[in-house]
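File shown: final.cif (mmCIF, C-alpha atoms).
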data_query
#
loop_
_atom_site.label_atom_id
_atom_site.label_comp_id
_atom_site.auth_asym_id
_atom_site.auth_seq_id
_atom_site.Cartn_x
_atom_site.Cartn_y
_atom_site.Cartn_z
CA LEU A 1 3.71 -30.21 6.14
CA GLY A 2 6.13 -32.87 7.33
CA GLU A 3 5.27 -32.03 10.92
CA CYS A 4 1.55 -31.28 10.58
CA ARG A 5 0.63 -33.88 7.91
CA SER A 6 -2.27 -31.59 7.06
CA LYS A 7 -2.40 -28.66 4.67
CA ARG A 8 -4.99 -26.91 6.82
CA LYS A 9 -2.83 -27.15 9.95
CA ALA A 10 0.31 -26.21 8.06
CA ALA A 11 -1.42 -23.15 6.56
CA GLU A 12 -2.60 -22.05 10.00
CA ALA A 13 0.93 -22.48 11.37
CA ILE A 14 2.39 -20.02 8.83
CA GLY A 15 -0.57 -17.62 8.86
CA ALA A 16 -1.72 -18.33 5.30
CA SER A 17 -4.68 -19.89 3.52
CA VAL A 18 -4.67 -23.42 2.09
CA ASP A 19 -4.94 -21.94 -1.41
CA THR A 20 -1.83 -19.83 -0.81
CA LEU A 21 0.01 -22.87 0.57
CA ASN A 22 -0.97 -24.91 -2.52
CA LYS A 23 0.34 -22.15 -4.81
CA TYR A 24 3.57 -22.00 -2.84
CA ILE A 25 4.06 -25.79 -3.12
CA GLY A 26 3.15 -25.72 -6.81
CA ASN A 27 5.70 -22.97 -7.49
CA LEU A 28 8.43 -24.95 -5.72
CA GLU A 29 7.59 -28.16 -7.60
CA ALA A 30 7.56 -26.32 -10.93
CA GLU A 31 10.81 -24.50 -10.14
CA PHE A 32 12.75 -27.67 -9.22
CA GLY A 33 10.88 -30.21 -11.35
CA LEU A 34 10.10 -32.40 -8.33
CA GLN A 35 6.99 -33.81 -6.71
CA LEU A 36 7.37 -32.79 -3.08
CA VAL A 37 3.94 -33.65 -1.59
CA ILE A 38 1.41 -36.48 -1.93
CA SER A 39 -2.16 -35.65 -0.88
CA SER A 40 -4.92 -38.11 -0.04
CA GLU A 41 -8.17 -38.25 1.92
CA HIS A 42 -6.12 -39.13 5.00
CA GLY A 43 -3.94 -36.04 4.78
CA CYS A 44 -0.68 -35.30 3.05
CA THR A 45 2.88 -36.60 3.26
CA LEU A 46 6.22 -35.61 1.82
CA THR A 47 7.64 -37.71 -0.99
CA PRO A 48 11.19 -39.09 -0.53
CA LYS A 49 12.44 -36.19 -2.65
CA GLY A 50 10.29 -33.83 -0.58
CA ILE A 51 11.91 -35.09 2.62
CA LYS A 52 15.37 -34.63 1.11
CA PHE A 53 14.39 -31.14 -0.10
CA THR A 54 13.25 -30.03 3.38
CA GLU A 55 16.40 -31.46 4.99
CA ASN A 56 18.57 -29.48 2.59
CA ALA A 57 16.48 -26.35 3.13
CA SER A 58 16.79 -26.70 6.92
CA ARG A 59 20.57 -27.02 6.66
CA MET A 60 20.69 -23.92 4.45
CA GLU A 61 18.57 -21.97 6.96
CA GLU A 62 20.82 -23.05 9.85
CA LEU A 63 23.90 -22.01 7.89
CA LEU A 64 22.44 -18.61 7.07
CA GLN A 65 21.43 -18.07 10.70
CA GLN A 66 24.94 -18.97 11.81
CA MET A 67 26.47 -16.54 9.29
CA TYR A 68 24.20 -13.73 10.46
CA ALA A 69 24.84 -14.53 14.13
CA GLU A 70 28.61 -14.45 13.60
CA ASN A 71 28.22 -10.95 12.16
CA GLY A 72 26.08 -9.76 15.06
CA ARG A 73 22.87 -9.71 13.02
CA ASN A 74 19.48 -10.44 14.55
CA THR A 75 17.94 -13.39 12.68
CA GLN A 76 14.41 -12.82 13.98
CA ASN A 77 13.51 -10.36 11.17
CA PHE A 78 15.15 -12.57 8.59
CA PHE A 79 13.31 -11.58 5.44
CA PRO A 80 11.72 -8.11 5.73
CA VAL A 81 8.77 -7.26 3.51
CA LYS A 82 9.62 -4.15 1.50
CA VAL A 83 6.72 -1.82 0.71
CA GLY A 84 7.15 1.09 -1.69
CA MET A 85 4.75 4.04 -1.39
CA ASP A 86 4.21 7.22 -3.37
CA VAL A 87 5.12 10.33 -1.43
CA GLY A 88 1.94 11.38 0.37
CA ILE A 89 0.36 7.92 0.50
CA SER A 90 1.27 7.48 4.16
CA SER A 91 -0.63 10.70 4.96
CA ASN A 92 -3.82 9.06 3.70
CA LEU A 93 -3.22 5.61 5.19
CA MET A 94 -4.47 4.97 8.71
CA PHE A 95 -2.50 2.11 10.26
CA TYR A 96 -5.44 0.35 11.91
CA ASP A 97 -4.66 -2.48 14.34
CA ILE A 98 -0.93 -2.47 13.56
CA ASP A 99 -0.24 -3.74 17.09
CA ALA A 100 -2.52 -6.74 16.51
CA PHE A 101 -0.75 -7.46 13.20
CA PHE A 102 2.72 -7.48 14.76
CA SER A 103 1.45 -9.59 17.65
CA ARG A 104 0.07 -12.15 15.20
CA PHE A 105 3.20 -12.12 13.02
CA PRO A 106 6.15 -11.52 15.40
CA ASP A 107 8.73 -12.52 12.76
CA ILE A 108 7.61 -10.02 10.11
CA GLN A 109 9.38 -6.72 9.59
CA ILE A 110 7.81 -4.11 7.29
CA GLN A 111 10.18 -1.72 5.56
CA SER A 112 8.43 1.30 4.06
CA ILE A 113 10.26 3.22 1.32
CA ILE A 114 8.81 6.51 0.05
CA PHE A 115 9.21 7.52 -3.60
CA GLN A 116 8.82 10.92 -5.24
CA ASP A 117 9.37 9.52 -8.74
CA SER A 118 7.90 6.51 -10.51
CA LEU A 119 7.47 3.53 -8.19
CA GLN A 120 8.92 0.41 -9.85
CA LEU A 121 8.97 -2.77 -7.79
CA GLN A 122 11.50 -4.84 -9.73
CA TYR A 123 13.99 -2.01 -10.27
CA ASN A 124 13.93 -1.09 -6.57
CA ASN A 125 13.78 -4.71 -5.30
CA LEU A 126 10.41 -4.17 -3.59
CA ASP A 127 7.75 -6.74 -2.71
CA ILE A 128 4.63 -4.54 -2.53
CA GLY A 129 3.67 -1.15 -3.95
CA ILE A 130 0.99 1.37 -2.94
CA SER A 131 0.55 4.17 -5.44
CA TYR A 132 -1.80 6.74 -6.87
CA CYS A 133 -0.78 5.50 -10.34
CA GLU A 134 -1.68 2.16 -11.90
CA PRO A 135 1.52 0.08 -12.29
CA LYS A 136 2.78 -0.70 -15.81
CA GLU A 137 5.43 -3.34 -15.03
CA LYS A 138 4.84 -6.72 -16.71
CA ASP A 139 5.72 -8.82 -13.65
CA VAL A 140 3.35 -6.91 -11.35
CA THR A 141 -0.25 -7.71 -10.52
CA VAL A 142 -2.80 -5.27 -9.06
CA LEU A 143 -4.37 -6.74 -5.93
CA ALA A 144 -6.77 -3.97 -4.88
CA VAL A 145 -7.94 -0.53 -5.98
CA LYS A 146 -9.55 1.96 -3.61
CA ASN A 147 -11.45 4.93 -5.01
CA ILE A 148 -11.52 7.59 -2.30
CA GLU A 149 -14.29 10.17 -2.60
CA CYS A 150 -12.96 13.71 -2.42
CA LYS A 151 -14.41 17.18 -1.97
CA LEU A 152 -13.09 20.73 -1.88
CA PHE A 153 -12.01 21.89 1.59
CA ALA A 154 -10.93 25.07 3.32
CA SER A 155 -10.32 26.13 6.90
CA PRO A 156 -13.07 27.90 8.90
CA ALA A 157 -10.85 30.98 9.29
CA TYR A 158 -10.21 31.19 5.53
CA LEU A 159 -13.94 31.04 4.73
CA LYS A 160 -14.74 33.60 7.42
CA LYS A 161 -12.26 36.04 5.90
CA TYR A 162 -12.80 35.45 2.18
CA GLY A 163 -16.35 34.13 2.03
CA TYR A 164 -17.94 30.85 1.01
CA PRO A 165 -17.53 30.22 -2.77
CA GLN A 166 -20.81 29.97 -4.64
CA ASN A 167 -19.63 27.78 -7.54
CA ILE A 168 -16.59 26.57 -9.45
CA LYS A 169 -16.30 29.82 -11.40
CA ASP A 170 -16.22 31.73 -8.11
CA ILE A 171 -13.36 29.51 -6.88
CA ILE A 172 -11.36 29.98 -10.09
CA LYS A 173 -11.82 33.75 -10.13
CA ASN A 174 -11.80 34.78 -6.47
CA HIS A 175 -10.09 32.19 -4.28
CA ARG A 176 -6.60 30.92 -3.57
CA ILE A 177 -5.83 27.33 -4.60
CA VAL A 178 -3.55 24.85 -2.84
CA CYS A 179 -2.39 21.66 -4.58
CA LYS A 180 0.15 18.87 -4.93
CA SER A 181 2.91 19.52 -7.47
CA ASP A 182 2.10 16.39 -9.50
CA PRO A 183 -1.35 16.74 -11.15
CA VAL A 184 -1.54 12.97 -11.79
CA TYR A 185 -3.06 12.66 -8.30
CA TYR A 186 -6.12 14.65 -9.39
CA ASP A 187 -8.98 13.87 -11.72
CA LYS A 188 -9.87 15.86 -14.81
CA GLN A 189 -12.32 18.15 -12.98
CA TYR A 190 -9.74 19.46 -10.52
CA ARG A 191 -7.03 19.71 -13.16
CA GLU A 192 -9.34 22.06 -15.05
CA ILE A 193 -9.53 24.30 -11.97
CA LEU A 194 -5.73 24.31 -11.71
CA LYS A 195 -5.43 25.09 -15.41
CA ASN A 196 -7.88 28.01 -15.37
CA SER A 197 -7.14 29.56 -12.01
CA GLU A 198 -4.75 32.51 -11.82
CA ASN A 199 -4.46 32.20 -8.07
CA VAL A 200 -2.72 28.87 -7.38
CA ARG A 201 -0.72 30.10 -4.41
CA TYR A 202 0.80 27.06 -2.72
CA ILE A 203 2.24 23.95 -4.40
CA SER A 204 4.13 21.12 -2.71
CA ASN A 205 5.17 17.53 -3.39
CA SER A 206 4.35 16.73 0.25
CA SER A 207 0.78 15.81 1.18
CA GLY A 208 1.51 16.73 4.78
CA SER A 209 2.68 20.19 3.76
CA VAL A 210 -0.43 20.72 1.60
CA ILE A 211 -2.69 19.68 4.49
CA ASP A 212 -0.89 22.04 6.87
CA ALA A 213 -1.22 24.89 4.37
CA VAL A 214 -5.00 24.40 4.12
CA ARG A 215 -5.33 24.18 7.91
CA ASN A 216 -3.42 27.45 8.22
CA ASN A 217 -5.75 29.33 5.84
CA ALA A 218 -3.68 29.20 2.63
CA GLY A 219 -6.65 28.44 0.40
CA ILE A 220 -8.91 25.73 -1.05
CA CYS A 221 -7.78 22.21 -1.93
CA ILE A 222 -9.28 18.88 -2.98
CA MET A 223 -9.04 16.38 -0.10
CA PRO A 224 -10.56 13.04 1.01
CA LEU A 225 -13.88 13.28 2.85
CA ARG A 226 -12.32 12.18 6.15
CA PHE A 227 -10.93 15.70 6.60
CA ALA A 228 -14.47 16.86 7.39
CA GLU A 229 -13.94 15.13 10.74
CA GLU A 230 -10.66 16.95 11.35
CA GLY A 231 -11.86 20.53 11.58
CA LEU A 232 -11.86 21.57 7.92
CA ILE A 233 -14.98 22.72 6.07
CA CYS A 234 -16.30 20.71 3.14
CA LEU A 235 -17.57 22.93 0.31
CA ASP A 236 -20.65 20.86 -0.41
CA ASN A 237 -23.04 23.62 -1.52
CA PHE A 238 -22.53 22.80 -5.22
CA ASP A 239 -22.26 19.64 -7.30
CA TRP A 240 -18.79 18.14 -7.12
CA ASN A 241 -17.99 14.46 -7.62
CA SER A 242 -14.34 13.58 -7.52
CA HIS A 243 -12.07 10.77 -6.34
CA ILE A 244 -8.46 9.70 -5.97
CA SER A 245 -7.51 6.09 -6.76
CA ILE A 246 -5.00 4.15 -4.68
CA TYR A 247 -3.51 0.95 -6.15
CA LEU A 248 -2.13 -1.95 -4.12
CA PHE A 249 0.09 -4.26 -6.15
CA SER A 250 2.86 -6.82 -5.83
CA ARG A 251 5.43 -8.70 -7.88
CA LYS A 252 3.91 -11.93 -9.20
CA ARG A 253 6.84 -14.06 -8.06
CA VAL A 254 6.56 -13.07 -4.38
CA LYS A 255 2.90 -12.24 -3.80
CA ASP A 256 2.02 -15.74 -2.53
CA LEU A 257 4.94 -16.05 -0.12
CA PRO A 258 3.35 -16.30 3.34
CA ARG A 259 5.03 -13.22 4.82
CA VAL A 260 4.34 -11.09 1.78
CA ARG A 261 0.74 -12.31 1.61
CA ALA A 262 0.22 -11.44 5.29
CA VAL A 263 1.38 -7.85 4.67
CA ILE A 264 -0.72 -7.63 1.49
CA ASN A 265 -3.82 -8.71 3.42
CA TYR A 266 -3.08 -6.12 6.11
CA PHE A 267 -2.88 -3.26 3.59
CA LYS A 268 -5.97 -4.57 1.81
CA GLU A 269 -7.87 -4.18 5.07
CA ILE A 270 -6.52 -0.67 5.52
CA LEU A 271 -7.75 0.31 2.05
CA GLN A 272 -11.17 -1.22 2.70
CA ARG A 273 -11.54 0.85 5.86
CA MET A 274 -10.53 4.16 4.28
#
Render the structure in this file as structure tokens.
Amino acid sequence: LGECRSKRKAAEAIGASVDTLNKYIGNLEAEFGLQLVISSEHGCTLTPKGIKFTENASRMEELLQQMYAENGRNTQNFFPVKVGMDVGISSNLMFYDIDAFFSRFPDIQIQSIIFQDSLQLQYNNLDIGISYCEPKEKDVTVLAVKNIECKLFASPAYLKKYGYPQNIKDIIKNHRIVCKSDPVYYDKQYREILKNSENVRYISNSSGSVIDAVRNNAGICIMPLRFAEEGLICLDNFDWNSHISIYLFSRKRVKDLPRVRAVINYFKEILQRM
């Protein structure tokens, strides 16, 4: 702001919106009890305390860079954005335009951490979470929810050998079932199939392993509709409406930081395109 003298230009320089910049300034002023910026119709300027604040912040940044340089650390990826994901989420995420994202934000590093157990942002010092389960932490806010339509799928070779199921009862009685080990990923309809079937033959906590099992003729599994384009057969001859929900969330204290917001917006776009 001191250089640009315009919130719009300053927001563009850091890759954020003016609203995000205003929230960031407001958080700083509330945290330190100082007025840092004066806005008018002619633009905006730093207050004397704002000028002093930025000078101190610049000296702190230079000192930190020097400390990292003396230890052989690269200061370009100074503050990585840490993203926690449920195991299997990455199998359903398609990283669209990731090259364009990194070209636009050359100083951002994304660290992806995969969790088999409950994903808790504060406990694991994460910035962003992507999960099949709605978060329960008090300091977390949900930023987007994507409901992914799902159907039952099997491989062509499996259906050729064992026949096309005629209804749900036929699946429960006469067909092999493949599933994830944690039923929380599935809706009530599919959990009923798992409960009543005596032929659940392959269970894994890995989405990739479940997908491979279906492709290699292990049995029938609930999967997102996109797998119809990947050589598997959608069992659409009977009524079946199901979905899996994916939640995108972040810690309230960091969600409006420019780097975190940039990564949030990227994953929002991914979810929209799924």
Target residues per the PyMOL selection byres ((chain A and resi 50) around 12), formatted as a ChimeraX atom specification: /A:1-2,25,28-29,32-38,44-49,51-57
For Val254 (chain A), list every protein, DNA or RNA residue within 10 Å, evaluated using only C-alpha atoms, and leave out those in the same chain fewer than 3 positions away; present the list as a list in words. Tyr24, Leu126, Asp127, Ile128, Val140, Ser250, Arg251, Leu257, Pro258, Arg259, Val260 and Arg261 of chain A
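Counting from CA of Ile172 (chain A), the distance to CA of Ile193 (chain A) is 6.3 Å.
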Given the file shown, determine the residues that the PyMOL selection byres ((chain A and resi 210) around 12) selects; report them as a ChimeraX atom specification. /A:88,91,153-154,177-181,201-209,211-223
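One distance worth recording is that between CA of Phe105 (chain A) and CA of Tyr266 (chain A), which is 11.1 Å.
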Could you tell me how far CA of Asn167 (chain A) lies from CA of Leu232 (chain A), in Å and to one decimal? 18.4 Å
Using all atoms listed in the file, can you tell me which of A:Asn196, A:Ser245, A:Gln272, A:Asn125 comes closest to Cys150 (chain A)? A:Ser245
Could you list, as a short mmCIF file (atom, residue, chain, number, x, y, z; two decimals) with C-alpha atoms, keeping the file's coordinate frame, every residue matched by the PyMOL selection byres ((chain A and resi 146) around 12) in this structure?
data_model
loop_
_atom_site.label_atom_id
_atom_site.label_comp_id
_atom_site.auth_asym_id
_atom_site.auth_seq_id
_atom_site.Cartn_x
_atom_site.Cartn_y
_atom_site.Cartn_z
CA ASN A 92 -3.82 9.06 3.70
CA LEU A 93 -3.22 5.61 5.19
CA ILE A 130 0.99 1.37 -2.94
CA SER A 131 0.55 4.17 -5.44
CA TYR A 132 -1.80 6.74 -6.87
CA CYS A 133 -0.78 5.50 -10.34
CA GLU A 134 -1.68 2.16 -11.90
CA VAL A 142 -2.80 -5.27 -9.06
CA LEU A 143 -4.37 -6.74 -5.93
CA ALA A 144 -6.77 -3.97 -4.88
CA VAL A 145 -7.94 -0.53 -5.98
CA ASN A 147 -11.45 4.93 -5.01
CA ILE A 148 -11.52 7.59 -2.30
CA GLU A 149 -14.29 10.17 -2.60
CA HIS A 243 -12.07 10.77 -6.34
CA ILE A 244 -8.46 9.70 -5.97
CA SER A 245 -7.51 6.09 -6.76
CA ILE A 246 -5.00 4.15 -4.68
CA TYR A 247 -3.51 0.95 -6.15
CA LEU A 248 -2.13 -1.95 -4.12
CA PHE A 249 0.09 -4.26 -6.15
CA PHE A 267 -2.88 -3.26 3.59
CA LYS A 268 -5.97 -4.57 1.81
CA GLU A 269 -7.87 -4.18 5.07
CA ILE A 270 -6.52 -0.67 5.52
CA LEU A 271 -7.75 0.31 2.05
CA GLN A 272 -11.17 -1.22 2.70
CA ARG A 273 -11.54 0.85 5.86
CA MET A 274 -10.53 4.16 4.28
#
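Considering all atoms listed in the file, the residue among A:Ile110, A:Asn27, A:Lys252, A:Asn241 positioned nearest to Lys188 (chain A) is A:Asn241.
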